[in-house]
file target26.cif (mmCIF, C-alpha atoms)
data_data
#
loop_
_atom_site.label_atom_id
_atom_site.label_comp_id
_atom_site.auth_asym_id
_atom_site.auth_seq_id
_atom_site.Cartn_x
_atom_site.Cartn_y
_atom_site.Cartn_z
CA MET B 1 72.11 210.68 232.73
CA PRO B 2 71.47 213.52 230.28
CA ARG B 3 74.77 214.93 229.08
CA LEU B 4 73.70 218.49 229.85
CA LEU B 5 72.74 217.61 233.37
CA LEU B 6 76.31 216.84 234.22
CA PRO B 7 77.82 220.36 233.84
CA LEU B 8 74.83 221.94 235.53
CA LEU B 9 75.10 219.64 238.51
CA CYS B 10 78.72 220.72 238.68
CA ALA B 11 77.59 224.22 239.66
CA LEU B 12 76.22 222.94 243.00
CA LEU B 13 77.18 224.63 246.22
CA ILE B 14 79.55 227.36 245.14
CA ALA B 15 79.03 229.59 248.16
CA PRO B 16 81.77 230.20 250.72
CA GLY B 17 81.40 229.66 254.42
CA ALA B 18 79.61 227.16 256.62
CA GLY B 19 78.70 228.29 260.07
CA ALA B 20 77.10 225.14 261.40
CA GLN B 21 77.19 221.41 260.93
CA SER B 22 73.51 220.59 260.45
CA ALA B 23 72.39 219.52 256.99
CA GLN B 24 69.57 222.06 257.01
CA ASP B 25 71.84 224.98 257.92
CA LEU B 26 74.43 223.97 255.34
CA LEU B 27 71.93 223.67 252.51
CA ARG B 28 70.02 226.83 253.39
CA ASP B 29 73.26 228.76 253.57
CA ALA B 30 74.25 227.42 250.15
CA LEU B 31 70.88 228.41 248.68
CA SER B 32 70.90 231.95 250.05
CA ARG B 33 74.47 232.55 248.96
CA TYR B 34 73.71 231.10 245.53
CA GLU B 35 70.94 233.63 244.99
CA ALA B 36 73.18 236.48 246.12
CA GLU B 37 76.02 235.41 243.83
CA MET B 38 73.84 234.78 240.79
CA ALA B 39 71.98 238.09 241.10
CA GLY B 40 74.10 239.60 238.35
CA VAL B 41 74.10 236.58 236.03
CA GLU B 42 71.47 236.97 233.31
CA ASN B 43 72.82 234.14 231.15
CA TYR B 44 75.88 231.97 230.70
CA THR B 45 77.41 229.66 228.11
CA LEU B 46 79.55 226.62 228.93
CA ARG B 47 81.75 225.01 226.30
CA GLN B 48 82.96 221.57 227.35
CA SER B 49 84.94 218.61 226.12
CA VAL B 50 83.26 215.31 227.01
CA MET B 51 84.97 212.11 225.90
CA GLY B 52 86.67 213.97 223.09
CA THR B 53 83.45 215.60 221.89
CA GLU B 54 82.73 219.30 222.28
CA THR B 55 79.36 220.28 223.72
CA VAL B 56 77.92 223.74 224.28
CA THR B 57 75.28 224.58 226.88
CA TYR B 58 73.49 227.92 227.13
CA ALA B 59 71.29 228.95 230.09
CA GLU B 60 69.25 232.12 230.58
CA ARG B 61 67.38 233.42 233.56
CA ALA B 62 63.68 232.77 234.06
CA GLU B 63 62.81 235.15 236.88
CA GLY B 64 60.13 234.94 239.50
CA GLY B 65 58.30 232.23 241.35
CA ALA B 66 59.16 229.94 244.20
CA PRO B 67 61.33 228.35 245.36
CA LEU B 68 64.22 230.39 243.96
CA ASP B 69 64.36 233.94 242.66
CA TYR B 70 66.91 233.05 240.02
CA ARG B 71 66.12 230.07 237.84
CA TYR B 72 67.58 229.23 234.46
CA THR B 73 66.26 227.52 231.35
CA ALA B 74 68.96 225.38 229.72
CA TYR B 75 69.56 224.77 226.02
CA ALA B 76 71.85 222.57 223.98
CA VAL B 77 73.56 224.53 221.23
CA THR B 78 73.75 222.54 217.99
CA PRO B 79 76.77 222.84 215.64
CA GLY B 80 74.58 225.05 213.47
CA GLY B 81 73.84 227.39 216.36
CA GLU B 82 70.27 226.25 217.02
CA LEU B 83 69.06 226.27 220.63
CA VAL B 84 67.29 223.09 221.75
CA GLU B 85 65.64 223.35 225.16
CA VAL B 86 66.79 220.59 227.50
CA GLY B 87 65.77 221.88 230.91
CA ALA B 88 62.71 223.89 231.91
CA ALA B 89 63.19 226.45 234.66
CA ASP B 90 61.47 224.18 237.19
CA GLY B 91 63.68 221.13 236.52
CA ALA B 92 67.04 220.01 237.87
CA ALA B 93 68.61 220.02 234.40
CA SER B 94 68.31 223.80 234.31
CA ASN B 95 68.96 224.58 237.97
CA PRO B 96 70.44 221.97 240.33
CA TYR B 97 69.74 224.26 243.29
CA LEU B 98 66.10 223.20 243.00
CA VAL B 99 67.29 219.80 244.19
CA LEU B 100 68.88 221.39 247.26
CA ASP B 101 65.66 223.24 248.04
CA ARG B 102 63.65 220.02 247.81
CA ILE B 103 66.00 217.90 249.93
CA THR B 104 66.71 220.43 252.69
CA GLU B 105 64.04 219.21 255.09
CA HIS B 106 64.84 215.53 254.45
CA ALA B 107 68.64 215.66 254.51
CA ARG B 108 70.71 214.47 257.44
CA TYR B 109 74.22 215.38 258.45
CA ALA B 110 76.51 212.37 257.96
CA GLY B 111 79.74 213.62 259.52
CA THR B 112 83.00 214.60 257.88
CA SER B 113 85.00 212.74 255.27
CA ASP B 114 88.25 213.17 253.36
CA VAL B 115 87.73 213.58 249.60
CA ASP B 116 90.90 213.78 247.52
CA GLY B 117 92.77 215.29 250.47
CA THR B 118 90.04 217.83 251.31
CA GLU B 119 87.94 217.70 254.47
CA THR B 120 84.24 217.70 253.65
CA HIS B 121 80.81 217.71 255.27
CA ALA B 122 78.68 214.75 254.15
CA VAL B 123 74.96 215.48 253.62
CA ALA B 124 72.79 212.44 252.88
CA VAL B 125 69.23 211.86 251.68
CA ASP B 126 68.03 208.30 252.23
CA ASN B 127 64.84 208.52 250.16
CA PHE B 128 65.85 210.52 247.12
CA GLY B 129 63.81 208.63 244.52
CA GLU B 130 60.71 210.82 244.53
CA VAL B 131 62.72 214.04 244.22
CA ALA B 132 64.84 212.50 241.47
CA ARG B 133 61.75 211.59 239.44
CA ASP B 134 59.96 214.92 239.98
CA LEU B 135 62.99 216.97 238.96
CA ALA B 136 64.13 214.62 236.18
CA VAL B 137 67.52 213.97 237.76
CA MET B 138 67.63 210.63 235.94
CA PRO B 139 66.47 210.13 232.34
CA GLU B 140 63.53 208.06 231.19
CA GLN B 141 64.80 205.10 229.18
CA ALA B 142 63.01 203.15 226.49
CA ASP B 143 64.31 199.77 227.65
CA ALA B 144 65.45 200.35 231.22
CA GLU B 145 64.20 202.12 234.33
CA PHE B 146 66.51 203.84 236.81
CA ASP B 147 65.45 204.42 240.40
CA VAL B 148 67.77 206.63 242.47
CA GLU B 149 67.37 205.70 246.12
CA THR B 150 70.06 207.64 248.00
CA LEU B 151 72.06 210.80 247.42
CA THR B 152 75.16 211.89 249.34
CA LEU B 153 76.87 215.26 248.80
CA TYR B 154 80.36 215.95 250.12
CA LEU B 155 80.88 219.70 250.65
CA ASP B 156 84.29 221.06 251.55
CA THR B 157 84.42 222.57 255.02
CA ASP B 158 86.20 225.74 253.87
CA GLY B 159 83.97 226.88 251.03
CA LEU B 160 80.90 224.60 250.84
CA ARG B 161 81.87 223.61 247.32
CA ALA B 162 80.80 220.17 246.15
CA ARG B 163 83.78 217.82 245.96
CA LYS B 164 81.91 214.57 245.44
CA MET B 165 78.35 213.43 244.76
CA THR B 166 77.23 209.81 245.02
CA MET B 167 73.89 208.45 243.84
CA GLU B 168 72.91 204.85 244.54
CA GLY B 169 69.92 203.01 243.18
CA THR B 170 68.75 200.24 240.91
CA MET B 171 68.23 199.63 237.21
CA GLU B 172 65.41 197.39 236.00
CA ARG B 173 65.44 195.98 232.49
CA ASP B 174 63.44 193.07 231.08
CA GLY B 175 62.49 191.96 234.57
CA ARG B 176 66.08 192.00 235.88
CA THR B 177 67.14 194.39 238.62
CA SER B 178 70.73 195.35 239.39
CA PRO B 179 72.35 197.92 241.71
CA VAL B 180 73.80 201.07 240.14
CA THR B 181 76.22 203.57 241.68
CA ILE B 182 77.12 206.91 240.08
CA GLU B 183 80.00 208.84 241.64
CA THR B 184 80.96 212.31 240.44
CA ARG B 185 84.01 214.27 241.62
CA PHE B 186 84.56 218.00 241.09
CA PHE B 187 87.90 219.73 240.58
CA ASP B 188 89.45 223.10 239.70
CA TYR B 189 86.75 225.58 240.68
CA ARG B 190 87.05 228.96 238.97
CA THR B 191 84.93 232.11 238.99
CA VAL B 192 84.26 233.93 235.72
CA ASP B 193 82.39 237.25 236.00
CA GLY B 194 80.56 236.09 239.14
CA PHE B 195 79.72 232.61 237.87
CA THR B 196 81.58 229.77 239.61
CA THR B 197 81.92 226.25 238.24
CA PRO B 198 84.40 223.36 238.40
CA PHE B 199 86.46 223.21 235.23
CA ARG B 200 86.95 219.45 235.50
CA LEU B 201 84.83 216.57 236.71
CA THR B 202 85.11 212.82 236.62
CA MET B 203 82.25 210.35 236.70
CA GLU B 204 82.34 206.63 237.44
CA VAL B 205 79.32 204.40 236.88
CA GLN B 206 79.10 200.89 238.32
CA GLY B 207 76.34 198.37 237.58
CA MET B 208 75.07 199.52 234.19
CA ASP B 209 76.09 196.18 232.67
CA GLY B 210 73.85 194.28 235.07
CA GLY B 211 70.81 194.70 232.81
CA MET B 212 72.49 192.87 229.92
CA ASP B 213 71.61 189.22 229.43
CA PRO B 214 74.33 186.81 228.20
CA GLU B 215 73.19 187.07 224.56
CA GLU B 216 73.26 190.87 224.62
CA ARG B 217 76.67 190.86 226.27
CA GLU B 218 78.06 188.48 223.65
CA GLU B 219 76.58 190.50 220.79
CA THR B 220 78.03 193.71 222.20
CA ARG B 221 81.41 192.04 222.59
CA ARG B 222 81.27 190.82 218.98
CA GLN B 223 80.42 194.30 217.69
CA LEU B 224 83.24 195.81 219.73
CA GLU B 225 85.78 193.32 218.38
CA GLU B 226 84.59 193.95 214.82
CA ALA B 227 84.94 197.72 215.27
CA GLN B 228 88.47 197.25 216.59
CA ARG B 229 89.41 195.02 213.63
CA GLN B 230 88.08 197.58 211.17
CA MET B 231 90.07 200.36 212.81
CA GLU B 232 93.25 198.28 212.77
CA SER B 233 92.90 197.78 209.00
CA MET B 234 92.45 201.49 208.29
CA PRO B 235 95.26 203.70 207.01
CA ALA B 236 97.03 205.47 209.88
CA GLU B 237 95.51 208.88 209.11
CA GLN B 238 91.96 207.54 208.91
CA ARG B 239 92.44 205.46 212.06
CA ALA B 240 93.69 208.54 213.94
CA MET B 241 90.60 210.47 212.83
CA MET B 242 88.30 207.68 214.05
CA GLU B 243 90.11 207.54 217.38
CA ARG B 244 89.61 211.28 217.83
CA MET B 245 85.92 210.98 216.98
CA MET B 246 85.29 208.05 219.30
CA GLY B 247 87.37 209.36 222.16
CA ASP B 248 87.40 206.86 225.04
CA ARG B 249 84.16 205.12 224.07
CA LEU B 250 85.75 201.81 223.03
CA GLU B 251 87.78 201.59 226.22
CA GLN B 252 84.72 202.38 228.33
CA LEU B 253 82.71 199.70 226.58
CA GLN B 254 85.49 197.19 227.27
CA GLN B 255 85.45 198.17 230.94
CA MET B 256 81.69 197.73 231.14
CA LEU B 257 81.77 194.31 229.49
CA ALA B 258 84.48 193.26 231.94
CA GLY B 259 82.22 194.24 234.83
CA ASP B 260 84.40 197.19 235.81
CA GLY B 261 81.78 199.84 235.06
CA PHE B 262 82.91 202.83 233.07
CA ALA B 263 84.32 206.27 233.70
CA PHE B 264 84.76 209.51 231.82
CA GLU B 265 86.09 213.00 232.34
CA MET B 266 84.66 216.37 231.35
CA GLU B 267 86.61 219.61 231.04
CA VAL B 268 85.22 223.11 230.66
CA THR B 269 87.13 224.90 227.93
CA ASP B 270 85.33 228.25 227.93
CA VAL B 271 82.79 230.22 229.98
CA GLN B 272 80.88 233.26 228.77
CA VAL B 273 78.74 235.25 231.21
CA ASN B 274 76.06 237.78 230.17
CA ALA B 275 77.16 237.53 226.55
CA GLY B 276 73.67 236.70 225.28
CA ARG B 277 72.64 233.81 223.09
CA PRO B 278 75.48 232.16 221.15
CA ARG B 279 75.70 233.11 217.50
#
call {"tool": "encode", "arguments": {"input": "target26.cif", "output": "structure tokens"}}
result
Amino acid sequence: MPRLLLPLLCALLIAPGAGAQSAQDLLRDALSRYEAEMAGVENYTLRQSVMGTETVTYAERAEGGAPLDYRYTAYAVTPGGELVEVGAADGAASNPYLVLDRITEHARYAGTSDVDGTETHAVAVDNFGEVARDLAVMPEQADAEFDVETLTLYLDTDGLRARKMTMEGTMERDGRTSPVTIETRFFDYRTVDGFTTPFRLTMEVQGMDGGMDPEEREETRRQLEEAQRQMESMPAEQRAMMERMMGDRLEQLQQMLAGDGFAFEMEVTDVQVNAGRPR
């Protein structure tokens, strides 16, 4: 999944209040309240820490046109301050609420569920693949194809904020198909100048190792062991620097090779609203 899609998906369903328990009413309420809340947000910048690496996302409004009045074009901000467009205004990478608009008529209410001690409404879409492809929810891969089949959103009953999102599908690579599950959890919602986002999320991915044949798995294991040996032989100061640069990547790779999938955490460290393009 594109790294900039993750924080933007985190902004899903920030509106308070849910008056009914049908999927359509819940999603329409979230959409209308989103537009009302974002009316004063011309642009925003998110600075995040992902696996020990800082990333900066900037989004600015692209007004007009259906289905939403307020749409945003997203950019990655390079270390040199250059803006690289990563999400057109009509794609999910720039505005996850476009996904809600597309799934509203197809979603079904799936009851209530406890998520991390919070009661939630579950809203499910059983045939999410076409929407996922049209809105670029999943990336195109050179050597693997992802097909998202189902999407389930868990929205807290008090504020309609997303607490968990689960996508299930398959990955096909070199003629081999394996199931893939991506589960994202959202924590610590805060509002900054009218813009609400979770300041922490966790993501767990299961099944990504299924596309690796035995030779690829063994080669990856060999490279991992060699990298670990090299780090162990480094002076303490250099090793510490490498560990900071690599974050949790080595541990995640070990988990994936062991068949345990992998997980990571993202934290928002700063939010700027209506401050213009980063300089």
call {"tool": "resolve_selection", "arguments": {"input": "target26.cif", "expression": "the PyMOL selection byres ((chain B and resi 164-172) around 10)", "output": "ChimeraX atom specification"}}
result
/B:9-10,12,115-116,120,122-126,128-129,143-156,161-163,173-187,201-211
call {"tool": "closest_residue", "arguments": {"input": "target26.cif", "among": "B:Phe195, B:Ala30, B:Arg47, B:Ala62", "to": "Thr78 in chain B", "atoms": "only C-alpha atoms"}}
result
B:Arg47
call {"tool": "residues_around", "arguments": {"input": "target26.cif", "residues": "Thr57 in chain B", "least_positions_apart": "3", "cutoff": "9 Å", "atoms": "only C-alpha atoms", "output": "short mmCIF file (atom, residue, chain, number, x, y, z; two decimals) with C-alpha atoms, in the frame of the given file"}}
result
data_model
loop_
_atom_site.label_atom_id
_atom_site.label_comp_id
_atom_site.auth_asym_id
_atom_site.auth_seq_id
_atom_site.Cartn_x
_atom_site.Cartn_y
_atom_site.Cartn_z
CA LEU B 4 73.70 218.49 229.85
CA PRO B 7 77.82 220.36 233.84
CA TYR B 44 75.88 231.97 230.70
CA THR B 45 77.41 229.66 228.11
CA LEU B 46 79.55 226.62 228.93
CA ARG B 47 81.75 225.01 226.30
CA GLN B 48 82.96 221.57 227.35
CA ALA B 74 68.96 225.38 229.72
CA TYR B 75 69.56 224.77 226.02
CA ALA B 76 71.85 222.57 223.98
CA VAL B 77 73.56 224.53 221.23
CA LEU B 83 69.06 226.27 220.63
#
call {"tool": "resolve_selection", "arguments": {"input": "target26.cif", "expression": "the PyMOL selection byres ((chain B and resi 102) around 10)", "output": "list of chain:residue names"}}
result
B:Pro67, B:Tyr97, B:Leu98, B:Val99, B:Leu100, B:Asp101, B:Ile103, B:Thr104, B:Glu105, B:His106, B:Ala107, B:Phe128, B:Val131, B:Ala132, B:Leu135
call {"tool": "axis_aligned_box", "arguments": {"input": "target26.cif", "around": "range 171-186 of chain B", "padding_each_side": "5 Å", "output": "JSON"}}
result
{"center_x": 73.5, "center_y": 205.0, "center_z": 236.4, "size_x": 32.1, "size_y": 36.0, "size_z": 20.6}
call {"tool": "closest_residue", "arguments": {"input": "target26.cif", "among": "B:Asp158, B:Glu85, B:Phe264, B:Pro79", "to": "Glu60 in chain B", "atoms": "all atoms listed in the file"}}
result
B:Glu85
call {"tool": "atom_distance", "arguments": {"input": "target26.cif", "atom1": "CA of Ser22 in chain B", "atom2": "CA of His121 in chain B"}}
result
9.4 Å
call {"tool": "resolve_selection", "arguments": {"input": "target26.cif", "expression": "the PyMOL selection byres ((chain B and resi 267) around 10)", "output": "mmCIF file with C-alpha atoms, in the coordinates of the input"}}
result
data_model
loop_
_atom_site.group_PDB
_atom_site.id
_atom_site.type_symbol
_atom_site.label_atom_id
_atom_site.label_comp_id
_atom_site.auth_asym_id
_atom_site.auth_seq_id
_atom_site.Cartn_x
_atom_site.Cartn_y
_atom_site.Cartn_z
ATOM 1 C CA PRO B 7 77.820 220.360 233.840
ATOM 2 C CA ARG B 47 81.750 225.010 226.300
ATOM 3 C CA GLN B 48 82.960 221.570 227.350
ATOM 4 C CA SER B 49 84.940 218.610 226.120
ATOM 5 C CA VAL B 50 83.260 215.310 227.010
ATOM 6 C CA MET B 51 84.970 212.110 225.900
ATOM 7 C CA GLY B 52 86.670 213.970 223.090
ATOM 8 C CA GLU B 54 82.730 219.300 222.280
ATOM 9 C CA PHE B 187 87.900 219.730 240.580
ATOM 10 C CA ASP B 188 89.450 223.100 239.700
ATOM 11 C CA PRO B 198 84.400 223.360 238.400
ATOM 12 C CA PHE B 199 86.460 223.210 235.230
ATOM 13 C CA ARG B 200 86.950 219.450 235.500
ATOM 14 C CA LEU B 201 84.830 216.570 236.710
ATOM 15 C CA THR B 202 85.110 212.820 236.620
ATOM 16 C CA GLU B 265 86.090 213.000 232.340
ATOM 17 C CA MET B 266 84.660 216.370 231.350
ATOM 18 C CA VAL B 268 85.220 223.110 230.660
ATOM 19 C CA THR B 269 87.130 224.900 227.930
ATOM 20 C CA ASP B 270 85.330 228.250 227.930
#
call {"tool": "atom_distance", "arguments": {"input": "target26.cif", "atom1": "CA of Ala23 in chain B", "atom2": "CA of Arg133 in chain B"}}
result
22.0 Å
call {"tool": "atom_distance", "arguments": {"input": "target26.cif", "atom1": "CA of Thr73 in chain B", "atom2": "CA of Arg277 in chain B"}}
result
12.2 Å
call {"tool": "closest_residue", "arguments": {"input": "target26.cif", "among": "B:Gln230, B:Ser113, B:Thr196, B:Thr157", "to": "Val41 in chain B", "atoms": "all atoms listed in the file"}}
result
B:Thr196
call {"tool": "closest_residue", "arguments": {"input": "target26.cif", "among": "B:Gly276, B:Arg61, B:Gly194, B:Glu119", "to": "Ala36 in chain B", "atoms": "only C-alpha atoms"}}
result
B:Gly194
call {"tool": "closest_residue", "arguments": {"input": "target26.cif", "among": "B:Tyr58, B:Glu130, B:Val86, B:Arg190", "to": "Asn43 in chain B", "atoms": "only C-alpha atoms"}}
result
B:Tyr58
call {"tool": "closest_residue", "arguments": {"input": "target26.cif", "among": "B:Glu82, B:Asp193, B:Asp25, B:Glu35", "to": "Arg279 in chain B", "atoms": "only C-alpha atoms"}}
result
B:Glu82
call {"tool": "decode", "arguments": {"input": "target26.cif", "residues": "range 42-67 of chain B", "atoms": "N, CA, C and O atoms", "output": "short mmCIF file (atom, residue, chain, number, x, y, z; two decimals), in the first residue's frame"}}
result
data_model
loop_
_atom_site.label_atom_id
_atom_site.label_comp_id
_atom_site.auth_asym_id
_atom_site.auth_seq_id
_atom_site.Cartn_x
_atom_site.Cartn_y
_atom_site.Cartn_z
N GLU B 42 -8.45 24.76 3.80
CA GLU B 42 -7.96 24.95 2.44
C GLU B 42 -6.80 24.00 2.13
O GLU B 42 -6.65 23.53 1.00
N ASN B 43 -5.98 23.73 3.13
CA ASN B 43 -4.84 22.83 2.94
C ASN B 43 -4.37 22.35 4.31
O ASN B 43 -4.71 22.96 5.34
N TYR B 44 -3.63 21.27 4.32
CA TYR B 44 -3.08 20.76 5.58
C TYR B 44 -1.79 19.99 5.30
O TYR B 44 -1.58 19.46 4.20
N THR B 45 -0.92 19.98 6.30
CA THR B 45 0.35 19.25 6.22
C THR B 45 0.45 18.30 7.40
O THR B 45 0.23 18.70 8.54
N LEU B 46 0.75 17.04 7.11
CA LEU B 46 0.94 16.02 8.14
C LEU B 46 2.41 15.60 8.15
O LEU B 46 2.96 15.21 7.12
N ARG B 47 3.02 15.69 9.32
CA ARG B 47 4.37 15.17 9.51
C ARG B 47 4.25 13.92 10.37
O ARG B 47 3.64 13.96 11.44
N GLN B 48 4.84 12.80 9.87
CA GLN B 48 4.64 11.52 10.53
C GLN B 48 5.96 10.78 10.68
O GLN B 48 6.90 11.00 9.92
N SER B 49 5.97 9.89 11.67
CA SER B 49 7.08 8.98 11.85
C SER B 49 6.59 7.58 11.52
O SER B 49 5.66 7.08 12.18
N VAL B 50 7.17 6.96 10.50
CA VAL B 50 6.76 5.64 10.05
C VAL B 50 7.99 4.73 10.09
O VAL B 50 8.95 4.94 9.34
N MET B 51 7.98 3.76 10.99
CA MET B 51 9.10 2.83 11.11
C MET B 51 10.42 3.57 11.28
O MET B 51 11.45 3.21 10.71
N GLY B 52 10.40 4.62 12.06
CA GLY B 52 11.61 5.37 12.34
C GLY B 52 11.99 6.37 11.28
O GLY B 52 13.00 7.07 11.42
N THR B 53 11.20 6.48 10.22
CA THR B 53 11.49 7.41 9.13
C THR B 53 10.44 8.51 9.10
O THR B 53 9.24 8.22 9.18
N GLU B 54 10.88 9.76 8.99
CA GLU B 54 9.92 10.86 8.94
C GLU B 54 9.42 11.06 7.52
O GLU B 54 10.19 11.07 6.56
N THR B 55 8.11 11.20 7.38
CA THR B 55 7.50 11.52 6.09
C THR B 55 6.62 12.74 6.26
O THR B 55 6.08 12.99 7.33
N VAL B 56 6.48 13.51 5.18
CA VAL B 56 5.66 14.71 5.21
C VAL B 56 4.69 14.66 4.03
O VAL B 56 5.09 14.43 2.89
N THR B 57 3.42 14.84 4.33
CA THR B 57 2.37 14.86 3.32
C THR B 57 1.70 16.23 3.33
O THR B 57 1.37 16.76 4.39
N TYR B 58 1.49 16.79 2.14
CA TYR B 58 0.77 18.05 2.01
C TYR B 58 -0.42 17.83 1.10
O TYR B 58 -0.33 17.15 0.07
N ALA B 59 -1.58 18.39 1.47
CA ALA B 59 -2.79 18.26 0.65
C ALA B 59 -3.47 19.61 0.55
O ALA B 59 -3.57 20.34 1.53
N GLU B 60 -3.92 19.95 -0.67
CA GLU B 60 -4.62 21.22 -0.86
C GLU B 60 -5.91 20.98 -1.62
O GLU B 60 -6.04 20.05 -2.42
N ARG B 61 -6.86 21.85 -1.35
CA ARG B 61 -8.21 21.66 -1.86
C ARG B 61 -8.27 21.82 -3.38
O ARG B 61 -7.65 22.70 -3.96
N ALA B 62 -9.04 20.92 -4.00
CA ALA B 62 -9.40 21.05 -5.41
C ALA B 62 -10.91 21.12 -5.44
O ALA B 62 -11.60 20.12 -5.33
N GLU B 63 -11.45 22.32 -5.54
CA GLU B 63 -12.89 22.53 -5.36
C GLU B 63 -13.68 22.15 -6.60
O GLU B 63 -13.20 22.15 -7.72
N GLY B 64 -14.96 21.85 -6.33
CA GLY B 64 -15.92 21.67 -7.40
C GLY B 64 -16.01 20.24 -7.91
O GLY B 64 -15.08 19.46 -7.82
N GLY B 65 -17.16 19.92 -8.46
CA GLY B 65 -17.34 18.61 -9.07
C GLY B 65 -17.85 17.57 -8.10
O GLY B 65 -17.55 17.59 -6.93
N ALA B 66 -18.64 16.64 -8.65
CA ALA B 66 -19.15 15.54 -7.85
C ALA B 66 -18.03 14.53 -7.62
O ALA B 66 -17.07 14.48 -8.39
N PRO B 67 -18.13 13.70 -6.58
CA PRO B 67 -19.26 13.60 -5.68
C PRO B 67 -19.15 14.48 -4.44
O PRO B 67 -20.11 14.63 -3.72
#
